[in-house]
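This is protein.cif (mmCIF, C-alpha atoms).
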```cif
data_run
#
loop_
_atom_site.group_PDB
_atom_site.id
_atom_site.type_symbol
_atom_site.label_atom_id
_atom_site.label_comp_id
_atom_site.auth_asym_id
_atom_site.auth_seq_id
_atom_site.Cartn_x
_atom_site.Cartn_y
_atom_site.Cartn_z
ATOM 1 C CA MET A 1 -8.025 -24.907 13.174
ATOM 2 C CA GLY A 2 -8.137 -28.588 12.258
ATOM 3 C CA ASN A 3 -8.060 -30.030 8.764
ATOM 4 C CA SER A 4 -11.788 -30.817 8.809
ATOM 5 C CA ALA A 5 -12.644 -27.214 9.666
ATOM 6 C CA VAL A 6 -10.351 -25.922 6.914
ATOM 7 C CA LYS A 7 -11.962 -28.341 4.463
ATOM 8 C CA LYS A 8 -15.398 -27.035 5.423
ATOM 9 C CA HIS A 9 -14.302 -23.467 4.672
ATOM 10 C CA VAL A 10 -12.785 -24.565 1.358
ATOM 11 C CA ASP A 11 -15.992 -26.384 0.382
ATOM 12 C CA THR A 12 -18.015 -23.246 1.082
ATOM 13 C CA ALA A 13 -15.532 -21.102 -0.838
ATOM 14 C CA SER A 14 -15.868 -23.364 -3.861
ATOM 15 C CA LYS A 15 -19.473 -22.120 -4.115
ATOM 16 C CA THR A 16 -19.053 -18.475 -3.050
ATOM 17 C CA GLY A 17 -15.593 -17.640 -4.385
ATOM 18 C CA VAL A 18 -14.763 -16.071 -1.005
ATOM 19 C CA LEU A 19 -12.422 -17.674 1.553
ATOM 20 C CA ASN A 20 -11.747 -16.330 5.038
ATOM 21 C CA LEU A 21 -9.311 -18.357 7.138
ATOM 22 C CA SER A 22 -7.992 -15.534 9.288
ATOM 23 C CA LYS A 23 -7.003 -16.432 12.856
ATOM 24 C CA SER A 24 -6.919 -20.123 11.921
ATOM 25 C CA ARG A 25 -3.468 -21.030 13.308
ATOM 26 C CA LEU A 26 -2.188 -21.843 9.841
ATOM 27 C CA ASN A 27 1.555 -22.353 9.391
ATOM 28 C CA GLU A 28 1.412 -22.400 5.609
ATOM 29 C CA PHE A 29 -0.709 -21.427 2.647
ATOM 30 C CA PRO A 30 -3.392 -24.188 2.466
ATOM 31 C CA SER A 31 -2.457 -26.520 -0.380
ATOM 32 C CA ASN A 32 -6.046 -27.753 -0.764
ATOM 33 C CA LEU A 33 -6.917 -24.347 -2.227
ATOM 34 C CA LYS A 34 -5.404 -25.625 -5.473
ATOM 35 C CA ALA A 35 -8.647 -27.527 -6.060
ATOM 36 C CA ILE A 36 -10.583 -24.244 -6.343
ATOM 37 C CA GLN A 37 -7.805 -22.020 -7.706
ATOM 38 C CA HIS A 38 -9.882 -20.872 -10.690
ATOM 39 C CA THR A 39 -12.931 -20.075 -8.537
ATOM 40 C CA LEU A 40 -11.584 -17.937 -5.702
ATOM 41 C CA ARG A 41 -12.049 -14.178 -6.022
ATOM 42 C CA ASN A 42 -11.204 -13.230 -2.434
ATOM 43 C CA ILE A 43 -8.684 -14.838 -0.059
ATOM 44 C CA ASP A 44 -8.136 -13.655 3.521
ATOM 45 C CA LEU A 45 -5.475 -15.535 5.495
ATOM 46 C CA SER A 46 -4.667 -12.769 7.967
ATOM 47 C CA GLN A 47 -3.373 -13.287 11.503
ATOM 48 C CA ASN A 48 -1.783 -16.674 10.984
ATOM 49 C CA GLN A 49 1.821 -17.911 11.018
ATOM 50 C CA ILE A 50 2.300 -18.213 7.259
ATOM 51 C CA SER A 51 5.912 -17.635 6.214
ATOM 52 C CA SER A 52 5.652 -17.708 2.423
ATOM 53 C CA ILE A 53 3.342 -17.218 -0.533
ATOM 54 C CA PRO A 54 3.679 -20.284 -2.814
ATOM 55 C CA ASN A 55 4.719 -19.892 -6.439
ATOM 56 C CA TYR A 56 1.507 -21.592 -7.542
ATOM 57 C CA ILE A 57 -0.372 -18.448 -6.476
ATOM 58 C CA GLU A 58 -0.132 -17.519 -10.174
ATOM 59 C CA ASN A 59 -2.826 -20.119 -10.942
ATOM 60 C CA PHE A 60 -5.532 -18.272 -8.983
ATOM 61 C CA SER A 61 -6.712 -16.625 -12.175
ATOM 62 C CA ALA A 62 -9.976 -15.141 -10.830
ATOM 63 C CA LEU A 63 -8.426 -13.592 -7.709
ATOM 64 C CA LYS A 64 -9.348 -9.941 -7.085
ATOM 65 C CA CYS A 65 -8.406 -9.529 -3.424
ATOM 66 C CA LEU A 66 -5.491 -11.166 -1.577
ATOM 67 C CA THR A 67 -5.156 -10.366 2.132
ATOM 68 C CA LEU A 68 -2.311 -11.807 4.197
ATOM 69 C CA ASN A 69 -1.924 -9.278 7.002
ATOM 70 C CA ASN A 70 -0.148 -10.191 10.242
ATOM 71 C CA ASN A 71 1.837 -13.203 9.107
ATOM 72 C CA LYS A 72 5.574 -13.942 8.787
ATOM 73 C CA ILE A 73 5.978 -13.479 5.034
ATOM 74 C CA ASP A 74 9.394 -12.172 3.977
ATOM 75 C CA ARG A 75 9.038 -12.086 0.196
ATOM 76 C CA ILE A 76 6.473 -11.682 -2.562
ATOM 77 C CA PRO A 77 7.033 -14.262 -5.326
ATOM 78 C CA ASP A 78 7.575 -13.111 -8.917
ATOM 79 C CA GLU A 79 4.542 -15.184 -9.903
ATOM 80 C CA ILE A 80 2.270 -12.604 -8.268
ATOM 81 C CA GLY A 81 2.514 -10.712 -11.557
ATOM 82 C CA ASN A 82 0.306 -13.312 -13.252
ATOM 83 C CA LEU A 83 -2.774 -12.410 -11.189
ATOM 84 C CA LYS A 84 -4.184 -10.199 -13.936
ATOM 85 C CA LYS A 85 -7.508 -9.547 -12.181
ATOM 86 C CA LEU A 86 -6.014 -8.604 -8.799
ATOM 87 C CA GLU A 87 -7.369 -5.297 -7.461
ATOM 88 C CA VAL A 88 -6.381 -5.380 -3.783
ATOM 89 C CA LEU A 89 -3.104 -6.643 -2.293
ATOM 90 C CA SER A 90 -2.807 -6.374 1.486
ATOM 91 C CA LEU A 91 0.332 -7.591 3.263
ATOM 92 C CA GLU A 92 0.438 -5.438 6.378
ATOM 93 C CA SER A 93 2.563 -6.483 9.360
ATOM 94 C CA ASN A 94 4.894 -8.942 7.672
ATOM 95 C CA ARG A 95 8.661 -9.004 6.998
ATOM 96 C CA ILE A 96 8.841 -7.935 3.365
ATOM 97 C CA LYS A 97 12.036 -6.179 2.235
ATOM 98 C CA ASN A 98 11.622 -6.083 -1.541
ATOM 99 C CA ILE A 99 8.872 -5.714 -4.137
ATOM 100 C CA PRO A 100 9.221 -7.868 -7.309
ATOM 101 C CA THR A 101 9.326 -6.024 -10.632
ATOM 102 C CA THR A 102 6.614 -8.352 -11.960
ATOM 103 C CA ILE A 103 4.054 -6.508 -9.849
ATOM 104 C CA SER A 104 3.976 -3.833 -12.561
ATOM 105 C CA ALA A 105 2.045 -6.323 -14.720
ATOM 106 C CA LEU A 106 -0.980 -6.068 -12.404
ATOM 107 C CA GLU A 107 -2.886 -3.607 -14.551
ATOM 108 C CA ASN A 108 -6.081 -3.732 -12.452
ATOM 109 C CA LEU A 109 -4.402 -3.144 -9.094
ATOM 110 C CA LYS A 110 -6.216 -0.386 -7.164
ATOM 111 C CA CYS A 111 -5.117 -0.720 -3.544
ATOM 112 C CA VAL A 112 -1.820 -1.864 -1.971
ATOM 113 C CA ARG A 113 -1.283 -2.088 1.776
ATOM 114 C CA LEU A 114 2.305 -2.745 2.904
ATOM 115 C CA SER A 115 2.290 -1.011 6.265
ATOM 116 C CA GLU A 116 4.614 -2.332 8.974
ATOM 117 C CA ASN A 117 7.096 -4.280 6.891
ATOM 118 C CA MET A 118 10.864 -3.929 6.378
ATOM 119 C CA LEU A 119 11.097 -1.822 3.228
ATOM 120 C CA SER A 120 14.136 0.472 3.258
ATOM 121 C CA TYR A 121 13.490 2.097 -0.127
ATOM 122 C CA PHE A 122 10.534 3.622 -1.960
ATOM 123 C CA PRO A 123 9.317 1.019 -4.522
ATOM 124 C CA LEU A 124 9.201 2.975 -7.781
ATOM 125 C CA ILE A 125 7.737 -0.131 -9.404
ATOM 126 C CA PHE A 126 4.305 1.191 -8.370
ATOM 127 C CA CYS A 127 4.788 4.266 -10.556
ATOM 128 C CA GLY A 128 3.051 4.146 -13.920
ATOM 129 C CA MET A 129 0.273 1.845 -12.690
ATOM 130 C CA LYS A 130 -2.735 3.744 -14.028
ATOM 131 C CA HIS A 131 -5.446 2.256 -11.788
ATOM 132 C CA LEU A 132 -3.526 2.259 -8.499
ATOM 133 C CA ASP A 133 -5.410 4.661 -6.240
ATOM 134 C CA PHE A 134 -4.180 3.946 -2.700
ATOM 135 C CA LEU A 135 -0.691 2.995 -1.514
ATOM 136 C CA ASP A 136 0.132 2.485 2.170
ATOM 137 C CA LEU A 137 3.854 2.219 2.975
ATOM 138 C CA SER A 138 3.630 3.478 6.564
ATOM 139 C CA LYS A 139 5.704 1.982 9.385
ATOM 140 C CA ASN A 140 8.623 0.858 7.229
ATOM 141 C CA MET A 141 12.245 2.060 7.090
ATOM 142 C CA ILE A 142 12.115 4.218 3.956
ATOM 143 C CA THR A 143 14.603 7.106 4.032
ATOM 144 C CA GLU A 144 13.982 8.905 0.731
ATOM 145 C CA ILE A 145 11.330 9.582 -1.890
ATOM 146 C CA PRO A 146 13.522 9.524 -5.015
ATOM 147 C CA ASP A 147 13.239 11.050 -8.475
ATOM 148 C CA GLY A 148 11.050 8.945 -10.741
ATOM 149 C CA VAL A 149 7.987 9.305 -8.537
ATOM 150 C CA SER A 150 6.189 11.775 -10.837
ATOM 151 C CA SER A 151 4.315 8.977 -12.641
ATOM 152 C CA LEU A 152 2.708 7.677 -9.437
ATOM 153 C CA HIS A 153 -1.057 7.777 -10.063
ATOM 154 C CA VAL A 154 -2.416 7.239 -6.539
ATOM 155 C CA SER A 155 -4.775 9.762 -4.964
ATOM 156 C CA GLU A 156 -3.566 8.820 -1.467
ATOM 157 C CA LEU A 157 -0.026 7.934 -0.352
ATOM 158 C CA ASN A 158 0.639 7.018 3.272
ATOM 159 C CA LEU A 159 4.281 7.253 4.361
ATOM 160 C CA ASN A 160 3.739 7.889 8.073
ATOM 161 C CA GLN A 161 6.315 6.549 10.543
ATOM 162 C CA ASN A 162 9.260 5.944 8.246
ATOM 163 C CA GLN A 163 12.715 7.577 8.339
ATOM 164 C CA ILE A 164 12.267 9.913 5.388
ATOM 165 C CA SER A 165 14.556 12.939 5.235
ATOM 166 C CA ILE A 166 14.564 13.604 1.465
ATOM 167 C CA LEU A 167 11.583 14.335 -0.800
ATOM 168 C CA SER A 168 11.946 14.500 -4.563
ATOM 169 C CA ASN A 169 10.409 17.647 -6.004
ATOM 170 C CA GLU A 170 8.733 15.314 -8.516
ATOM 171 C CA LEU A 171 6.071 14.627 -5.883
ATOM 172 C CA SER A 172 4.523 17.908 -6.965
ATOM 173 C CA GLN A 173 4.033 16.443 -10.455
ATOM 174 C CA CYS A 174 1.992 13.400 -9.403
ATOM 175 C CA PRO A 175 -1.167 13.831 -11.492
ATOM 176 C CA ARG A 176 -3.780 12.587 -8.995
ATOM 177 C CA LEU A 177 -2.111 12.884 -5.577
ATOM 178 C CA LYS A 178 -4.540 14.544 -3.168
ATOM 179 C CA ILE A 179 -3.592 13.064 0.235
ATOM 180 C CA LEU A 180 0.072 12.759 1.280
ATOM 181 C CA ARG A 181 0.786 11.480 4.785
ATOM 182 C CA LEU A 182 4.325 12.088 6.078
ATOM 183 C CA GLU A 183 3.812 12.173 9.847
ATOM 184 C CA GLU A 184 6.609 11.080 12.191
ATOM 185 C CA ASN A 185 9.507 11.055 9.756
ATOM 186 C CA CYS A 186 12.876 12.867 9.725
ATOM 187 C CA LEU A 187 11.945 15.790 7.503
ATOM 188 C CA SER A 188 13.482 19.229 7.979
ATOM 189 C CA LEU A 189 11.643 22.359 6.928
ATOM 190 C CA SER A 190 13.862 22.686 3.833
ATOM 191 C CA SER A 191 12.575 19.288 2.616
ATOM 192 C CA ILE A 192 9.160 20.831 1.935
ATOM 193 C CA THR A 193 9.695 22.724 -1.322
ATOM 194 C CA PRO A 194 7.514 25.646 -2.474
ATOM 195 C CA SER A 195 6.591 23.569 -5.529
ATOM 196 C CA LEU A 196 5.121 20.783 -3.381
ATOM 197 C CA LEU A 197 2.883 23.292 -1.633
ATOM 198 C CA ARG A 198 2.130 25.586 -4.553
ATOM 199 C CA ASP A 199 2.078 23.481 -7.722
ATOM 200 C CA SER A 200 0.849 20.043 -6.654
ATOM 201 C CA GLN A 201 -2.713 18.674 -6.529
ATOM 202 C CA ILE A 202 -2.321 17.895 -2.805
ATOM 203 C CA THR A 203 -5.215 19.037 -0.615
ATOM 204 C CA ASN A 204 -4.213 17.180 2.561
ATOM 205 C CA LEU A 205 -0.533 17.215 3.549
ATOM 206 C CA SER A 206 0.097 15.671 6.984
ATOM 207 C CA VAL A 207 3.578 16.471 8.331
ATOM 208 C CA GLN A 208 3.178 16.505 12.114
ATOM 209 C CA GLY A 209 5.946 14.903 14.140
ATOM 210 C CA ASN A 210 8.922 15.881 11.967
ATOM 211 C CA LEU A 211 11.990 18.054 12.704
ATOM 212 C CA PHE A 212 10.131 21.373 12.693
ATOM 213 C CA ASP A 213 7.168 22.938 14.417
ATOM 214 C CA MET A 214 3.912 23.485 12.579
ATOM 215 C CA LYS A 215 4.054 27.266 13.014
ATOM 216 C CA ALA A 216 7.242 27.377 10.910
ATOM 217 C CA PHE A 217 5.602 25.077 8.343
ATOM 218 C CA MET A 218 2.703 27.510 8.017
ATOM 219 C CA GLU A 219 5.150 30.284 7.092
ATOM 220 C CA LEU A 220 6.667 28.436 4.131
ATOM 221 C CA GLU A 221 6.486 29.826 0.617
ATOM 222 C CA GLY A 222 3.523 28.221 -1.144
ATOM 223 C CA TYR A 223 1.603 27.472 2.052
ATOM 224 C CA GLU A 224 -1.204 29.905 1.175
ATOM 225 C CA ALA A 225 -1.765 28.216 -2.197
ATOM 226 C CA TYR A 226 -1.910 24.837 -0.451
ATOM 227 C CA MET A 227 -4.446 26.164 2.060
ATOM 228 C CA GLU A 228 -6.649 27.473 -0.749
ATOM 229 C CA ARG A 229 -6.929 23.929 -2.129
ATOM 230 C CA PHE A 230 -7.418 22.491 1.363
ATOM 231 C CA THR A 231 -10.223 24.962 2.145
ATOM 232 C CA ALA A 232 -11.930 24.422 -1.220
ATOM 233 C CA VAL A 233 -12.165 20.685 -0.554
ATOM 234 C CA LYS A 234 -13.531 21.287 2.964
ATOM 235 C CA LYS A 235 -16.260 23.539 1.577
ATOM 236 C CA LYS A 236 -17.346 20.799 -0.840
ATOM 237 C CA LEU A 237 -17.614 18.295 2.004
ATOM 238 C CA TYR A 238 -19.723 20.455 4.297
#
```
Using the file provided, produce a representation of the structure as structure tokens.
Amino acid sequence: MGNSAVKKHVDTASKTGVLNLSKSRLNEFPSNLKAIQHTLRNIDLSQNQISSIPNYIENFSALKCLTLNNNKIDRIPDEIGNLKKLEVLSLESNRIKNIPTTISALENLKCVRLSENMLSYFPLIFCGMKHLDFLDLSKNMITEIPDGVSSLHVSELNLNQNQISILSNELSQCPRLKILRLEENCLSLSSITPSLLRDSQITNLSVQGNLFDMKAFMELEGYEAYMERFTAVKKKLY
């Protein structure tokens, strides 16, 4: 997309607060967005060739939704923590290896999408964030869900297609966790503790494609208690 076309989109966004420059062949974050940095509420720069998020992102004080899926971004700048109104952060299909600690300052964050990146560890920095409801970490290289996860407040956690072989029993203590997706990992049957099945709030536990067959899973201690919750939710829906 040429400069004149980008300028036209920026001019429109100055009035609407919404900018969509996805599939625009951009190699970098458009610097002319600085002119409307206090106006923009929604930025979508997906499916470009952007390699970095500039430090001046912190000046976009009204921003509620930042979408940069399918780019070449390898790091999230510390300055992201200054976007106090941010509710949605979507960085799917990039090259991100680490999550900055400053992200814990985003008190209004509700939804984080980090599928298909290069994370090798579970980012505990998302724990304790009271408004975070949905966290997608699928298609990364995470090997373990460590202790410290009990203060994760999401209702849905997607960890499909990682390399997870260890689950902390603290998952059963997550206060709002209803949907836990663990398909296509490296879990053995012993990784699924009775507490996770019996004592958690989970009503949808997806574990297909691990190192056990589903018949053996259905025979685990606590499975009946899990199925009672699962069935109760189904009855409410239909």
- Task: Within 10 Å of Leu211 (chain A), counting all atoms listed in the file, which residues show up once you throw out same-chain ones fewer than 3 positions away? Write them as a PyMOL selection string, please.
- Result: chain A and resi 165+184-189+207-208+214
- Closest to Ile166 (chain A) among A:Ile36, A:Leu89, A:Ile145, A:Ala216, using all atoms listed in the file?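 Closest residue, counting all atoms listed in the file: A:Ile145.
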- Message: Once the PyMOL selection byres ((chain A and resi 151) around 10) has been evaluated on this model, what residues remain selected, and can you format them as a PyMOL selection string?
- Response: chain A and resi 124+126-130+148-150+152-154+170-171+173-176
- Message: Please report the interatomic distance between CA of Ile53 (chain A) and CA of Leu40 (chain A) in Å with one decimal.
- Response: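 Interatomic distance, CA of Ile53 (chain A) to CA of Leu40 (chain A): 15.8 Å.
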- Message: Just to confirm, what's the straight-line distance from CA of Lys7 (chain A) to CA of Arg25 (chain A) in Å (one decimal)?
- Response: 14.3 Å
- Message: Using only C-alpha atoms for the distances, tell me which of A:Leu109, A:Leu68, A:Leu205, A:Ile103 is nearest to Lys23 (chain A).
- Response: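 Using only C-alpha atoms, the shortest distance to Lys23 (chain A) belongs to A:Leu68.
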- Message: For a quick check of understanding, using only C-alpha atoms, which of A:Val233, A:Asn204, A:Phe217, A:Pro146 has the smallest distance to Ser190 (chain A)?
- Response: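 Among A:Val233, A:Asn204, A:Phe217, A:Pro146, it is A:Phe217 that comes nearest to Ser190 (chain A).
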- Query: What does the distance from CA of Thr16 (chain A) to CA of Glu58 (chain A) come to in Å, to one decimal?
  - Reply: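 So the answer is 20.2 Å.
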- Message: Suppose a student applies the PyMOL selection byres ((chain A and resi 76) around 8) to this structure; what residues should they get, written as number ranges by chain?
- Response: A: 52-53, 73-75, 77-78, 80, 96, 98-100
- Item | Residue nearest Asn94 (chain A) among A:Ile179, A:Leu106, A:Leu114, A:Leu157 (counting only C-alpha atoms) |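 Closest candidate: A:Leu114.
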- Residues at most 9 Å from Ser93 (chain A), counting all atoms listed in the file, excluding those fewer than 6 positions away in the same chain, as number ranges by chain? A: 68-73, 114-117
